[in-house]
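Heads up, entry03.cif below (mmCIF, C-alpha atoms):
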```
data_structure
loop_
_atom_site.group_PDB
_atom_site.id
_atom_site.type_symbol
_atom_site.label_atom_id
_atom_site.label_comp_id
_atom_site.auth_asym_id
_atom_site.auth_seq_id
_atom_site.Cartn_x
_atom_site.Cartn_y
_atom_site.Cartn_z
ATOM 1 C CA MET L 1074 1.271 40.838 -3.081
ATOM 2 C CA SER L 1075 4.891 41.005 -3.985
ATOM 3 C CA GLY L 1076 5.722 43.454 -6.753
ATOM 4 C CA ARG L 1077 7.280 41.058 -9.205
ATOM 5 C CA TYR L 1078 7.565 42.244 -12.762
ATOM 6 C CA GLY L 1079 9.015 40.527 -15.790
ATOM 7 C CA ARG L 1080 10.036 42.048 -19.073
ATOM 8 C CA SER L 1081 6.355 42.616 -19.885
ATOM 9 C CA GLY L 1082 3.846 42.883 -17.078
ATOM 10 C CA ARG L 1083 3.389 41.184 -13.744
ATOM 11 C CA VAL L 1084 4.843 37.720 -13.577
ATOM 12 C CA LYS L 1085 2.026 35.191 -13.577
ATOM 13 C CA PRO L 1086 1.363 34.233 -9.946
ATOM 14 C CA GLN L 1087 2.151 30.639 -9.052
ATOM 15 C CA GLY L 1088 0.068 28.481 -6.766
ATOM 16 C CA ASP L 1089 -2.537 30.997 -5.610
ATOM 17 C CA ARG L 1090 -5.728 30.281 -7.547
ATOM 18 C CA PHE L 1091 -7.366 33.633 -6.813
ATOM 19 C CA GLU L 1092 -4.292 35.607 -7.884
ATOM 20 C CA THR L 1093 -3.936 33.474 -11.016
ATOM 21 C CA ALA L 1094 -7.592 34.072 -11.885
ATOM 22 C CA VAL L 1095 -7.135 37.853 -11.437
ATOM 23 C CA TRP L 1096 -3.995 37.717 -13.611
ATOM 24 C CA TYR L 1097 -5.945 36.079 -16.453
ATOM 25 C CA GLY L 1098 -8.939 38.331 -15.768
ATOM 26 C CA MET L 1099 -6.811 41.463 -16.251
ATOM 27 C CA ARG L 1100 -5.583 40.203 -19.628
ATOM 28 C CA LEU L 1101 -8.950 38.996 -20.926
ATOM 29 C CA SER L 1102 -10.761 42.163 -19.785
ATOM 30 C CA GLY L 1103 -7.884 44.137 -21.305
ATOM 31 C CA ILE L 1104 -8.471 42.598 -24.732
ATOM 32 C CA ALA L 1105 -12.223 43.276 -24.530
ATOM 33 C CA LEU L 1106 -11.637 46.837 -23.305
ATOM 34 C CA PHE L 1107 -9.191 47.462 -26.162
ATOM 35 C CA VAL L 1108 -12.173 47.164 -28.509
ATOM 36 C CA LEU L 1109 -14.912 48.614 -26.260
ATOM 37 C CA VAL L 1110 -13.055 51.674 -24.939
ATOM 38 C CA LEU L 1111 -11.385 52.673 -28.205
ATOM 39 C CA THR L 1112 -14.748 52.379 -30.003
ATOM 40 C CA HIS L 1113 -16.393 54.420 -27.242
ATOM 41 C CA TYR L 1114 -13.766 57.169 -27.454
ATOM 42 C CA LEU L 1115 -13.844 57.185 -31.257
ATOM 43 C CA ILE L 1116 -17.630 57.678 -31.346
ATOM 44 C CA LEU L 1117 -18.090 60.075 -28.426
ATOM 45 C CA HIS L 1118 -14.939 62.186 -28.663
ATOM 46 C CA VAL L 1119 -13.920 62.056 -32.318
ATOM 47 C CA LEU L 1120 -17.052 61.542 -34.425
ATOM 48 C CA TYR L 1121 -19.198 63.623 -32.025
ATOM 49 C CA ASP L 1122 -18.239 66.599 -29.880
ATOM 50 C CA PRO L 1123 -18.791 65.772 -26.186
ATOM 51 C CA SER L 1124 -19.832 69.343 -25.381
ATOM 52 C CA GLU L 1125 -22.993 68.756 -27.465
ATOM 53 C CA GLN L 1126 -23.959 65.507 -25.723
ATOM 54 C CA THR L 1127 -26.765 66.742 -23.478
ATOM 55 C CA ALA L 1128 -28.767 64.506 -21.140
ATOM 56 C CA ALA L 1129 -31.605 64.588 -23.678
ATOM 57 C CA TRP L 1130 -29.234 63.480 -26.486
ATOM 58 C CA ILE L 1131 -28.035 60.528 -24.386
ATOM 59 C CA ALA L 1132 -31.613 59.509 -23.534
ATOM 60 C CA GLU L 1133 -33.078 59.933 -27.030
ATOM 61 C CA VAL L 1134 -30.190 59.131 -29.352
ATOM 62 C CA ARG L 1135 -27.216 57.504 -27.693
ATOM 63 C CA TRP L 1136 -29.157 55.013 -25.570
ATOM 64 C CA SER L 1137 -32.110 54.631 -27.966
ATOM 65 C CA SER L 1138 -31.059 51.059 -28.736
ATOM 66 C CA THR L 1139 -30.587 48.142 -26.392
ATOM 67 C CA PHE L 1140 -27.351 47.382 -28.236
ATOM 68 C CA TRP L 1141 -25.608 50.532 -27.011
ATOM 69 C CA ARG L 1142 -26.973 50.094 -23.499
ATOM 70 C CA VAL L 1143 -25.581 46.532 -23.380
ATOM 71 C CA PHE L 1144 -22.334 47.785 -24.941
ATOM 72 C CA ASP L 1145 -21.934 50.516 -22.336
ATOM 73 C CA TRP L 1146 -22.965 48.266 -19.435
ATOM 74 C CA SER L 1147 -20.437 45.601 -20.518
ATOM 75 C CA MET L 1148 -17.784 48.296 -20.696
ATOM 76 C CA LEU L 1149 -18.791 49.586 -17.248
ATOM 77 C CA THR L 1150 -18.501 46.111 -15.722
ATOM 78 C CA LEU L 1151 -15.171 45.268 -17.354
ATOM 79 C CA VAL L 1152 -13.636 48.695 -16.790
ATOM 80 C CA LEU L 1153 -14.523 48.633 -13.089
ATOM 81 C CA PHE L 1154 -12.952 45.179 -12.728
ATOM 82 C CA HIS L 1155 -9.850 46.161 -14.709
ATOM 83 C CA ALA L 1156 -9.356 49.638 -13.200
ATOM 84 C CA PHE L 1157 -9.980 48.600 -9.607
ATOM 85 C CA MET L 1158 -7.880 45.447 -9.819
ATOM 86 C CA GLY L 1159 -5.161 47.635 -11.351
ATOM 87 C CA MET L 1160 -5.422 50.080 -8.432
ATOM 88 C CA ARG L 1161 -5.212 47.093 -6.074
ATOM 89 C CA VAL L 1162 -1.824 46.297 -7.620
ATOM 90 C CA VAL L 1163 -0.739 49.939 -7.218
ATOM 91 C CA ILE L 1164 -1.726 49.880 -3.530
ATOM 92 C CA GLY L 1165 0.123 46.579 -3.065
ATOM 93 C CA ASP L 1166 3.269 48.172 -4.493
ATOM 94 C CA LEU L 1167 3.060 51.315 -2.365
ATOM 95 C CA ALA L 1168 1.743 50.093 0.978
ATOM 96 C CA GLY L 1169 1.562 46.958 3.045
ATOM 97 C CA GLY L 1170 -0.115 45.527 6.101
ATOM 98 C CA ARG L 1171 -3.088 47.260 7.647
ATOM 99 C CA PRO L 1172 -3.020 50.529 5.607
ATOM 100 C CA ALA L 1173 -3.044 48.534 2.358
ATOM 101 C CA ALA L 1174 -5.914 46.359 3.597
ATOM 102 C CA VAL L 1175 -7.971 49.441 4.556
ATOM 103 C CA LEU L 1176 -7.278 51.081 1.181
ATOM 104 C CA ARG L 1177 -8.250 47.878 -0.651
ATOM 105 C CA TYR L 1178 -11.593 47.645 1.176
ATOM 106 C CA GLY L 1179 -12.222 51.311 0.400
ATOM 107 C CA LEU L 1180 -11.452 50.549 -3.224
ATOM 108 C CA TYR L 1181 -13.836 47.574 -3.358
ATOM 109 C CA GLY L 1182 -16.577 49.656 -1.715
ATOM 110 C CA LEU L 1183 -16.140 52.440 -4.284
ATOM 111 C CA ALA L 1184 -16.161 49.921 -7.157
ATOM 112 C CA LEU L 1185 -19.409 48.366 -5.884
ATOM 113 C CA PHE L 1186 -20.989 51.809 -5.457
ATOM 114 C CA LEU L 1187 -20.035 52.841 -9.025
ATOM 115 C CA PHE L 1188 -21.292 49.513 -10.398
ATOM 116 C CA LEU L 1189 -24.666 50.033 -8.689
ATOM 117 C CA ILE L 1190 -25.206 53.660 -9.776
ATOM 118 C CA GLY L 1191 -23.901 52.952 -13.295
ATOM 119 C CA THR L 1192 -26.141 49.915 -13.712
ATOM 120 C CA TYR L 1193 -29.083 51.879 -12.290
ATOM 121 C CA VAL L 1194 -28.783 54.691 -14.836
ATOM 122 C CA VAL L 1195 -28.133 52.477 -17.874
ATOM 123 C CA VAL L 1196 -31.152 50.280 -17.021
ATOM 124 C CA THR L 1197 -33.670 52.917 -15.906
ATOM 125 C CA LEU L 1198 -32.983 55.978 -18.093
ATOM 126 C CA PRO L 1199 -36.114 56.466 -20.252
ATOM 127 C CA ASN L 1200 -35.856 57.197 -23.987
ATOM 128 C CA VAL L 1201 -37.627 60.524 -23.541
ATOM 129 C CA VAL L 1202 -36.297 63.916 -22.502
ATOM 130 C CA PRO L 1203 -35.756 63.834 -18.742
ATOM 131 C CA ALA L 1204 -37.762 66.466 -16.875
ATOM 132 C CA GLY L 1205 -35.908 69.633 -16.043
ATOM 133 C CA MET H 567 14.754 60.836 -13.284
ATOM 134 C CA LEU H 568 12.849 58.390 -15.450
ATOM 135 C CA VAL H 569 15.118 59.037 -18.422
ATOM 136 C CA ARG H 570 18.466 58.914 -16.589
ATOM 137 C CA TYR H 571 17.703 55.807 -14.551
ATOM 138 C CA ARG H 572 19.153 52.824 -16.413
ATOM 139 C CA GLY H 573 15.897 50.871 -16.542
ATOM 140 C CA GLY H 574 15.623 51.365 -20.295
ATOM 141 C CA GLU H 575 12.543 50.999 -22.473
ATOM 142 C CA GLY H 576 10.961 48.279 -20.322
ATOM 143 C CA MET H 577 10.910 50.538 -17.293
ATOM 144 C CA LEU H 578 9.601 53.536 -19.235
ATOM 145 C CA ALA H 579 6.879 51.348 -20.742
ATOM 146 C CA TRP H 580 5.957 50.239 -17.217
ATOM 147 C CA ALA H 581 6.005 53.779 -15.790
ATOM 148 C CA PHE H 582 3.809 55.166 -18.585
ATOM 149 C CA HIS H 583 1.439 52.219 -18.214
ATOM 150 C CA ARG H 584 1.035 52.901 -14.508
ATOM 151 C CA ILE H 585 0.650 56.687 -14.840
ATOM 152 C CA SER H 586 -1.904 56.343 -17.653
ATOM 153 C CA GLY H 587 -3.708 53.581 -15.742
ATOM 154 C CA VAL H 588 -4.136 55.637 -12.578
ATOM 155 C CA ALA H 589 -5.254 58.653 -14.652
ATOM 156 C CA ILE H 590 -7.860 56.554 -16.475
ATOM 157 C CA TRP H 591 -9.068 55.082 -13.168
ATOM 158 C CA LEU H 592 -9.610 58.620 -11.873
ATOM 159 C CA PHE H 593 -11.542 59.578 -15.014
ATOM 160 C CA VAL H 594 -13.693 56.422 -14.801
ATOM 161 C CA VAL H 595 -14.708 57.302 -11.225
ATOM 162 C CA LEU H 596 -15.769 60.810 -12.336
ATOM 163 C CA HIS H 597 -17.395 59.566 -15.528
ATOM 164 C CA VAL H 598 -19.657 56.981 -13.857
ATOM 165 C CA VAL H 599 -20.817 59.676 -11.426
ATOM 166 C CA ASP H 600 -21.498 62.223 -14.201
ATOM 167 C CA ILE H 601 -23.463 59.677 -16.248
ATOM 168 C CA PHE H 602 -25.450 58.840 -13.101
ATOM 169 C CA LEU H 603 -26.401 62.551 -13.066
ATOM 170 C CA VAL H 604 -27.991 62.111 -16.518
ATOM 171 C CA GLY H 605 -30.582 59.911 -14.786
ATOM 172 C CA VAL H 606 -31.080 61.738 -11.495
ATOM 173 C CA ALA H 607 -30.207 65.383 -12.231
ATOM 174 C CA PRO H 608 -30.122 65.976 -16.020
ATOM 175 C CA ASP H 609 -30.032 69.762 -15.648
ATOM 176 C CA VAL H 610 -26.929 69.512 -13.444
ATOM 177 C CA TYR H 611 -25.312 67.252 -16.063
ATOM 178 C CA ASP H 612 -26.158 69.697 -18.862
ATOM 179 C CA SER H 613 -24.801 72.608 -16.839
ATOM 180 C CA LEU H 614 -21.422 70.815 -16.549
ATOM 181 C CA LEU H 615 -21.128 70.026 -20.277
ATOM 182 C CA PHE H 616 -19.606 73.410 -21.083
ATOM 183 C CA ILE H 617 -16.328 72.081 -19.583
ATOM 184 C CA TYR H 618 -15.810 70.069 -22.781
ATOM 185 C CA ALA H 619 -15.924 73.322 -24.748
ATOM 186 C CA THR H 620 -13.268 75.144 -22.722
ATOM 187 C CA PRO H 621 -9.541 74.991 -23.513
ATOM 188 C CA PRO H 622 -8.586 73.153 -20.269
ATOM 189 C CA GLY H 623 -11.486 70.723 -20.785
ATOM 190 C CA ILE H 624 -10.433 69.964 -24.357
ATOM 191 C CA VAL H 625 -6.772 69.542 -23.379
ATOM 192 C CA ALA H 626 -7.895 67.134 -20.613
ATOM 193 C CA GLU H 627 -10.055 65.257 -23.138
ATOM 194 C CA TRP H 628 -7.060 65.019 -25.499
ATOM 195 C CA LEU H 629 -4.772 63.805 -22.682
ATOM 196 C CA LEU H 630 -7.398 61.219 -21.733
ATOM 197 C CA GLY H 631 -7.389 59.947 -25.299
ATOM 198 C CA ALA H 632 -3.575 59.773 -25.290
ATOM 199 C CA ALA H 633 -3.577 57.885 -21.962
ATOM 200 C CA VAL H 634 -6.224 55.430 -23.196
ATOM 201 C CA LEU H 635 -4.442 54.843 -26.513
ATOM 202 C CA TYR H 636 -1.034 54.301 -24.880
ATOM 203 C CA HIS H 637 -2.498 52.026 -22.191
ATOM 204 C CA ALA H 638 -4.413 50.009 -24.817
ATOM 205 C CA LEU H 639 -1.415 49.523 -27.126
ATOM 206 C CA ASN H 640 1.085 48.791 -24.368
ATOM 207 C CA GLY H 641 -1.455 46.500 -22.687
ATOM 208 C CA LEU H 642 -1.717 44.518 -25.902
ATOM 209 C CA ARG H 643 2.092 44.322 -25.991
ATOM 210 C CA ILE H 644 2.110 42.983 -22.419
ATOM 211 C CA ILE H 645 -0.507 40.356 -23.311
ATOM 212 C CA ILE H 646 1.434 39.276 -26.417
ATOM 213 C CA LEU H 647 4.667 38.917 -24.404
ATOM 214 C CA ASP H 648 2.890 37.078 -21.575
ATOM 215 C CA PHE H 649 1.300 34.512 -23.854
ATOM 216 C CA TRP H 650 4.191 34.169 -26.329
ATOM 217 C CA PRO H 651 7.269 34.593 -24.072
ATOM 218 C CA ARG H 652 9.628 33.814 -26.967
ATOM 219 C CA LEU H 653 8.729 37.223 -28.401
ATOM 220 C CA THR H 654 10.252 38.831 -25.284
ATOM 221 C CA ARG H 655 13.550 39.256 -27.144
ATOM 222 C CA PHE H 656 11.681 41.746 -29.344
ATOM 223 C CA HIS H 657 10.049 43.634 -26.438
ATOM 224 C CA ARG H 658 11.920 46.826 -27.354
ATOM 225 C CA GLN H 659 10.919 46.667 -31.004
ATOM 226 C CA LEU H 660 7.309 46.010 -29.981
ATOM 227 C CA TRP H 661 7.433 49.090 -27.766
ATOM 228 C CA TYR H 662 8.673 51.205 -30.692
ATOM 229 C CA LEU H 663 5.919 49.687 -32.834
ATOM 230 C CA ASN H 664 3.488 50.890 -30.145
ATOM 231 C CA TRP H 665 4.692 54.465 -30.677
ATOM 232 C CA VAL H 666 4.374 54.165 -34.450
ATOM 233 C CA LEU H 667 0.756 52.992 -34.062
ATOM 234 C CA PHE H 668 0.216 55.673 -31.404
ATOM 235 C CA ALA H 669 1.268 58.355 -33.891
ATOM 236 C CA ILE H 670 -0.727 56.880 -36.796
ATOM 237 C CA VAL H 671 -3.934 56.885 -34.728
ATOM 238 C CA GLY H 672 -3.105 59.866 -32.532
ATOM 239 C CA ILE H 673 -2.295 62.478 -35.169
ATOM 240 C CA PRO H 674 -5.700 62.425 -36.953
ATOM 241 C CA VAL H 675 -7.501 62.260 -33.591
ATOM 242 C CA THR H 676 -5.464 65.262 -32.400
ATOM 243 C CA TRP H 677 -6.544 67.126 -35.535
ATOM 244 C CA VAL H 678 -10.240 66.463 -34.796
ATOM 245 C CA ILE H 679 -9.983 67.363 -31.107
ATOM 246 C CA PHE H 680 -7.978 70.486 -31.939
ATOM 247 C CA GLY H 681 -10.909 71.309 -34.262
ATOM 248 C CA GLN H 682 -13.215 71.253 -31.225
ATOM 249 C CA PHE H 683 -10.704 73.551 -29.517
ATOM 250 C CA ALA H 684 -10.544 75.940 -32.483
ATOM 251 C CA ARG H 685 -14.337 76.130 -32.667
ATOM 252 C CA SER H 686 -14.605 76.796 -28.936
ATOM 253 C CA MET H 687 -12.129 79.664 -29.347
ATOM 254 C CA GLY H 688 -14.048 81.012 -32.346
ATOM 255 C CA TRP H 689 -11.096 80.458 -34.724
ATOM 256 C CA TRP H 690 -13.099 78.026 -36.848
ATOM 257 C CA PRO H 691 -16.783 78.337 -37.790
ATOM 258 C CA LYS H 692 -19.134 76.084 -35.790
#
```
Structure translated into structure tokens:
Amino acid sequence: MSGRYGRSGRVKPQGDRFETAVWYGMRLSGIALFVLVLTHYLILHVLYDPSEQTAAWIAEVRWSSTFWRVFDWSMLTLVLFHAFMGMRVVIGDLAGGRPAAVLRYGLYGLALFLFLIGTYVVVTLPNVVPAG
Amino acid sequence: MLVRYRGGEGMLAWAFHRISGVAIWLFVVLHVVDIFLVGVAPDVYDSLLFIYATPPGIVAEWLLGAAVLYHALNGLRIIILDFWPRLTRFHRQLWYLNWVLFAIVGIPVTWVIFGQFARSMGWWPK
């Protein structure tokens, strides 16, 4: 991964289909996240005070509709792709060879782990007050 | 260093994009874990919520919002320049437009989040 930058962002990779797909993926997920993340922040940090968002409030109110669960799961999926592919670029700019490869595999492992636990909680959390 | 280096607006835009991106990545890692706690250990999650009502927590929340807003606006600028390269001659102006939009959105949001801060300090009624 050579660190080539144009006047805007990374220069679109030539020839390598995987790199080209990631390049488009970053931009398309970026557009979707522009809407999803800013909406998320507006609702949960501006319209509501996060210090009042207890586990019971999330279970009973926030995730009471399938719409918001799908919304949050879509955001989870896209944000993990976008954030981890972004960190992959950062690693490529700072390190090379074996250390970079090890860091990248660590990164992919962490992304998979977060995807699994995030999906688990958004799918299985009941709409009643959790015990405790 | 960033200001004196002769990279100009393009380099500052890049540096801020990278710093905000790494910061958001870090928050996402923490945030997925804390939401996982809602499912497996709700009392632990509730016991951590007070952080959002402390001054450092609220300042961090405000900085997160600033990082997200900058990254979103500058990201849109990058996408526009990538797909319409002829607009590249206006990349500077677009970056200044980013800051205008940043202020228009950011100032009211700062007011609201400072309200959370003032309530947590007891300066404003709950």
Task: Given the PyMOL selection byres ((chain H and resi 633) around 10), the residues it picks as a list in words - done: Phe582, His583, Ile585, Ser586, Gly587, Val588, Ala589, Ile590, Glu627, Trp628, Leu629, Leu630, Gly631, Ala632, Val634, Leu635, Tyr636, His637 and Ala638 of chain H
- [ ] Taking the file above as input, evaluate the PyMOL selection byres ((chain H and resi 642-648) around 12) and report the hits as a ChimeraX atom specification.
- [x] /L:1078-1085,1096-1108 /H:576,579-580,583,635-641,649-665,667
Task: For atom CA of L:Phe1188 and atom CA of L:Met1160, the interatomic separation in Å (one decimal) - done: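 Taking atom CA of L:Phe1188 and atom CA of L:Met1160, their separation equals 16.0 Å.
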Could you list, as a tab-separated table (two decimals) with C-alpha atoms, in the coordinates of the input, every residue of chain L that has an atom within 9 Å of an atom of chain H, counting all atoms listed in the file?
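Just written: result_32.tsv:
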```tsv
chain	number	residue	atom	x	y	z
L	1080	ARG	CA	10.04	42.05	-19.07
L	1081	SER	CA	6.36	42.62	-19.89
L	1082	GLY	CA	3.85	42.88	-17.08
L	1083	ARG	CA	3.39	41.18	-13.74
L	1084	VAL	CA	4.84	37.72	-13.58
L	1085	LYS	CA	2.03	35.19	-13.58
L	1100	ARG	CA	-5.58	40.20	-19.63
L	1101	LEU	CA	-8.95	39.00	-20.93
L	1103	GLY	CA	-7.88	44.14	-21.30
L	1104	ILE	CA	-8.47	42.60	-24.73
L	1106	LEU	CA	-11.64	46.84	-23.30
L	1107	PHE	CA	-9.19	47.46	-26.16
L	1110	VAL	CA	-13.06	51.67	-24.94
L	1111	LEU	CA	-11.38	52.67	-28.20
L	1114	TYR	CA	-13.77	57.17	-27.45
L	1115	LEU	CA	-13.84	57.18	-31.26
L	1118	HIS	CA	-14.94	62.19	-28.66
L	1119	VAL	CA	-13.92	62.06	-32.32
L	1120	LEU	CA	-17.05	61.54	-34.42
L	1122	ASP	CA	-18.24	66.60	-29.88
L	1123	PRO	CA	-18.79	65.77	-26.19
L	1124	SER	CA	-19.83	69.34	-25.38
L	1125	GLU	CA	-22.99	68.76	-27.46
L	1126	GLN	CA	-23.96	65.51	-25.72
L	1127	THR	CA	-26.76	66.74	-23.48
L	1128	ALA	CA	-28.77	64.51	-21.14
L	1129	ALA	CA	-31.60	64.59	-23.68
L	1131	ILE	CA	-28.04	60.53	-24.39
L	1132	ALA	CA	-31.61	59.51	-23.53
L	1149	LEU	CA	-18.79	49.59	-17.25
L	1152	VAL	CA	-13.64	48.70	-16.79
L	1153	LEU	CA	-14.52	48.63	-13.09
L	1156	ALA	CA	-9.36	49.64	-13.20
L	1157	PHE	CA	-9.98	48.60	-9.61
L	1159	GLY	CA	-5.16	47.64	-11.35
L	1160	MET	CA	-5.42	50.08	-8.43
L	1163	VAL	CA	-0.74	49.94	-7.22
L	1183	LEU	CA	-16.14	52.44	-4.28
L	1184	ALA	CA	-16.16	49.92	-7.16
L	1187	LEU	CA	-20.04	52.84	-9.02
L	1188	PHE	CA	-21.29	49.51	-10.40
L	1190	ILE	CA	-25.21	53.66	-9.78
L	1191	GLY	CA	-23.90	52.95	-13.30
L	1192	THR	CA	-26.14	49.92	-13.71
L	1193	TYR	CA	-29.08	51.88	-12.29
L	1194	VAL	CA	-28.78	54.69	-14.84
L	1195	VAL	CA	-28.13	52.48	-17.87
L	1197	THR	CA	-33.67	52.92	-15.91
L	1198	LEU	CA	-32.98	55.98	-18.09
L	1199	PRO	CA	-36.11	56.47	-20.25
L	1203	PRO	CA	-35.76	63.83	-18.74
L	1204	ALA	CA	-37.76	66.47	-16.88
L	1205	GLY	CA	-35.91	69.63	-16.04
```
- [ ] Work out how far apart atom CA of L:Ala1168 and atom CA of L:Ala1094 are and give it in Å to one decimal.
- [x]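 Interatomic distance here is 22.6 Å.
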- [ ] Give as JSON, numbers by chain each residue that has an atom at most 10 Å from (-25.7, 55.1, -24.4) in the file, counting only C-alpha atoms.
- [x] {"L": [1113, 1117, 1130, 1131, 1132, 1133, 1134, 1135, 1136, 1137, 1138, 1139, 1140, 1141, 1142, 1143, 1144, 1145, 1146, 1195, 1198], "H": [601]}
Complete stretch 659-666 of chain H at the level of all heavy atoms, written as a PDB file, keeping the file's coordinate frame.
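Final output, out-v3.pdb:
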```pdb
ATOM      1  N   GLN H 659      11.469  46.375 -29.679  1.00  0.00           N
ATOM      2  CA  GLN H 659      10.919  46.667 -31.004  1.00  0.00           C
ATOM      3  C   GLN H 659       9.395  46.807 -30.938  1.00  0.00           C
ATOM      4  O   GLN H 659       8.820  47.682 -31.575  1.00  0.00           O
ATOM      5  CB  GLN H 659      11.289  45.554 -31.994  1.00  0.00           C
ATOM      6  CG  GLN H 659      12.752  45.564 -32.419  1.00  0.00           C
ATOM      7  CD  GLN H 659      13.668  44.821 -31.450  1.00  0.00           C
ATOM      8  OE1 GLN H 659      13.326  44.592 -30.300  1.00  0.00           O
ATOM      9  NE2 GLN H 659      14.864  44.465 -31.923  1.00  0.00           N
ATOM     10  N   LEU H 660       8.766  45.925 -30.123  1.00  0.00           N
ATOM     11  CA  LEU H 660       7.309  46.010 -29.981  1.00  0.00           C
ATOM     12  C   LEU H 660       6.906  47.340 -29.342  1.00  0.00           C
ATOM     13  O   LEU H 660       5.874  47.914 -29.687  1.00  0.00           O
ATOM     14  CB  LEU H 660       6.780  44.845 -29.137  1.00  0.00           C
ATOM     15  CG  LEU H 660       6.655  43.503 -29.856  1.00  0.00           C
ATOM     16  CD1 LEU H 660       6.372  42.382 -28.855  1.00  0.00           C
ATOM     17  CD2 LEU H 660       5.543  43.552 -30.902  1.00  0.00           C
ATOM     18  N   TRP H 661       7.756  47.822 -28.400  1.00  0.00           N
ATOM     19  CA  TRP H 661       7.433  49.090 -27.766  1.00  0.00           C
ATOM     20  C   TRP H 661       7.545  50.232 -28.775  1.00  0.00           C
ATOM     21  O   TRP H 661       6.708  51.130 -28.816  1.00  0.00           O
ATOM     22  CB  TRP H 661       8.347  49.350 -26.563  1.00  0.00           C
ATOM     23  CG  TRP H 661       7.809  50.411 -25.655  1.00  0.00           C
ATOM     24  CD1 TRP H 661       6.582  50.416 -25.032  1.00  0.00           C
ATOM     25  CD2 TRP H 661       8.449  51.628 -25.255  1.00  0.00           C
ATOM     26  NE1 TRP H 661       6.434  51.543 -24.270  1.00  0.00           N
ATOM     27  CE2 TRP H 661       7.569  52.312 -24.378  1.00  0.00           C
ATOM     28  CE3 TRP H 661       9.688  52.197 -25.540  1.00  0.00           C
ATOM     29  CZ2 TRP H 661       7.884  53.540 -23.792  1.00  0.00           C
ATOM     30  CZ3 TRP H 661       9.994  53.416 -24.948  1.00  0.00           C
ATOM     31  CH2 TRP H 661       9.107  54.083 -24.088  1.00  0.00           C
ATOM     32  N   TYR H 662       8.558  50.180 -29.641  1.00  0.00           N
ATOM     33  CA  TYR H 662       8.673  51.205 -30.692  1.00  0.00           C
ATOM     34  C   TYR H 662       7.521  51.098 -31.682  1.00  0.00           C
ATOM     35  O   TYR H 662       6.994  52.116 -32.144  1.00  0.00           O
ATOM     36  CB  TYR H 662      10.031  51.091 -31.400  1.00  0.00           C
ATOM     37  CG  TYR H 662      11.190  51.437 -30.494  1.00  0.00           C
ATOM     38  CD1 TYR H 662      12.315  50.631 -30.419  1.00  0.00           C
ATOM     39  CD2 TYR H 662      11.132  52.579 -29.690  1.00  0.00           C
ATOM     40  CE1 TYR H 662      13.364  50.954 -29.559  1.00  0.00           C
ATOM     41  CE2 TYR H 662      12.173  52.897 -28.827  1.00  0.00           C
ATOM     42  CZ  TYR H 662      13.284  52.072 -28.769  1.00  0.00           C
ATOM     43  OH  TYR H 662      14.295  52.389 -27.908  1.00  0.00           O
ATOM     44  N   LEU H 663       7.094  49.872 -31.965  1.00  0.00           N
ATOM     45  CA  LEU H 663       5.919  49.687 -32.834  1.00  0.00           C
ATOM     46  C   LEU H 663       4.686  50.342 -32.202  1.00  0.00           C
ATOM     47  O   LEU H 663       3.878  50.966 -32.892  1.00  0.00           O
ATOM     48  CB  LEU H 663       5.678  48.190 -33.076  1.00  0.00           C
ATOM     49  CG  LEU H 663       4.437  47.833 -33.898  1.00  0.00           C
ATOM     50  CD1 LEU H 663       4.565  48.365 -35.321  1.00  0.00           C
ATOM     51  CD2 LEU H 663       4.225  46.318 -33.940  1.00  0.00           C
ATOM     52  N   ASN H 664       4.572  50.218 -30.865  1.00  0.00           N
ATOM     53  CA  ASN H 664       3.488  50.890 -30.145  1.00  0.00           C
ATOM     54  C   ASN H 664       3.464  52.387 -30.473  1.00  0.00           C
ATOM     55  O   ASN H 664       2.407  52.970 -30.710  1.00  0.00           O
ATOM     56  CB  ASN H 664       3.687  50.782 -28.629  1.00  0.00           C
ATOM     57  CG  ASN H 664       3.086  49.517 -28.040  1.00  0.00           C
ATOM     58  OD1 ASN H 664       3.196  49.274 -26.865  1.00  0.00           O
ATOM     59  ND2 ASN H 664       2.462  48.704 -28.868  1.00  0.00           N
ATOM     60  N   TRP H 665       4.646  53.011 -30.451  1.00  0.00           N
ATOM     61  CA  TRP H 665       4.692  54.465 -30.677  1.00  0.00           C
ATOM     62  C   TRP H 665       4.367  54.828 -32.122  1.00  0.00           C
ATOM     63  O   TRP H 665       3.779  55.880 -32.391  1.00  0.00           O
ATOM     64  CB  TRP H 665       6.066  55.027 -30.266  1.00  0.00           C
ATOM     65  CG  TRP H 665       6.183  55.078 -28.775  1.00  0.00           C
ATOM     66  CD1 TRP H 665       7.021  54.331 -27.992  1.00  0.00           C
ATOM     67  CD2 TRP H 665       5.422  55.891 -27.874  1.00  0.00           C
ATOM     68  NE1 TRP H 665       6.819  54.633 -26.669  1.00  0.00           N
ATOM     69  CE2 TRP H 665       5.854  55.578 -26.552  1.00  0.00           C
ATOM     70  CE3 TRP H 665       4.416  56.842 -28.034  1.00  0.00           C
ATOM     71  CZ2 TRP H 665       5.305  56.190 -25.419  1.00  0.00           C
ATOM     72  CZ3 TRP H 665       3.880  57.454 -26.898  1.00  0.00           C
ATOM     73  CH2 TRP H 665       4.327  57.127 -25.617  1.00  0.00           C
ATOM     74  N   VAL H 666       4.734  53.923 -33.049  1.00  0.00           N
ATOM     75  CA  VAL H 666       4.374  54.165 -34.450  1.00  0.00           C
ATOM     76  C   VAL H 666       2.845  54.132 -34.580  1.00  0.00           C
ATOM     77  O   VAL H 666       2.237  55.041 -35.165  1.00  0.00           O
ATOM     78  CB  VAL H 666       5.036  53.109 -35.367  1.00  0.00           C
ATOM     79  CG1 VAL H 666       4.506  53.229 -36.789  1.00  0.00           C
ATOM     80  CG2 VAL H 666       6.557  53.258 -35.338  1.00  0.00           C
TER      81      VAL H 666
END
```
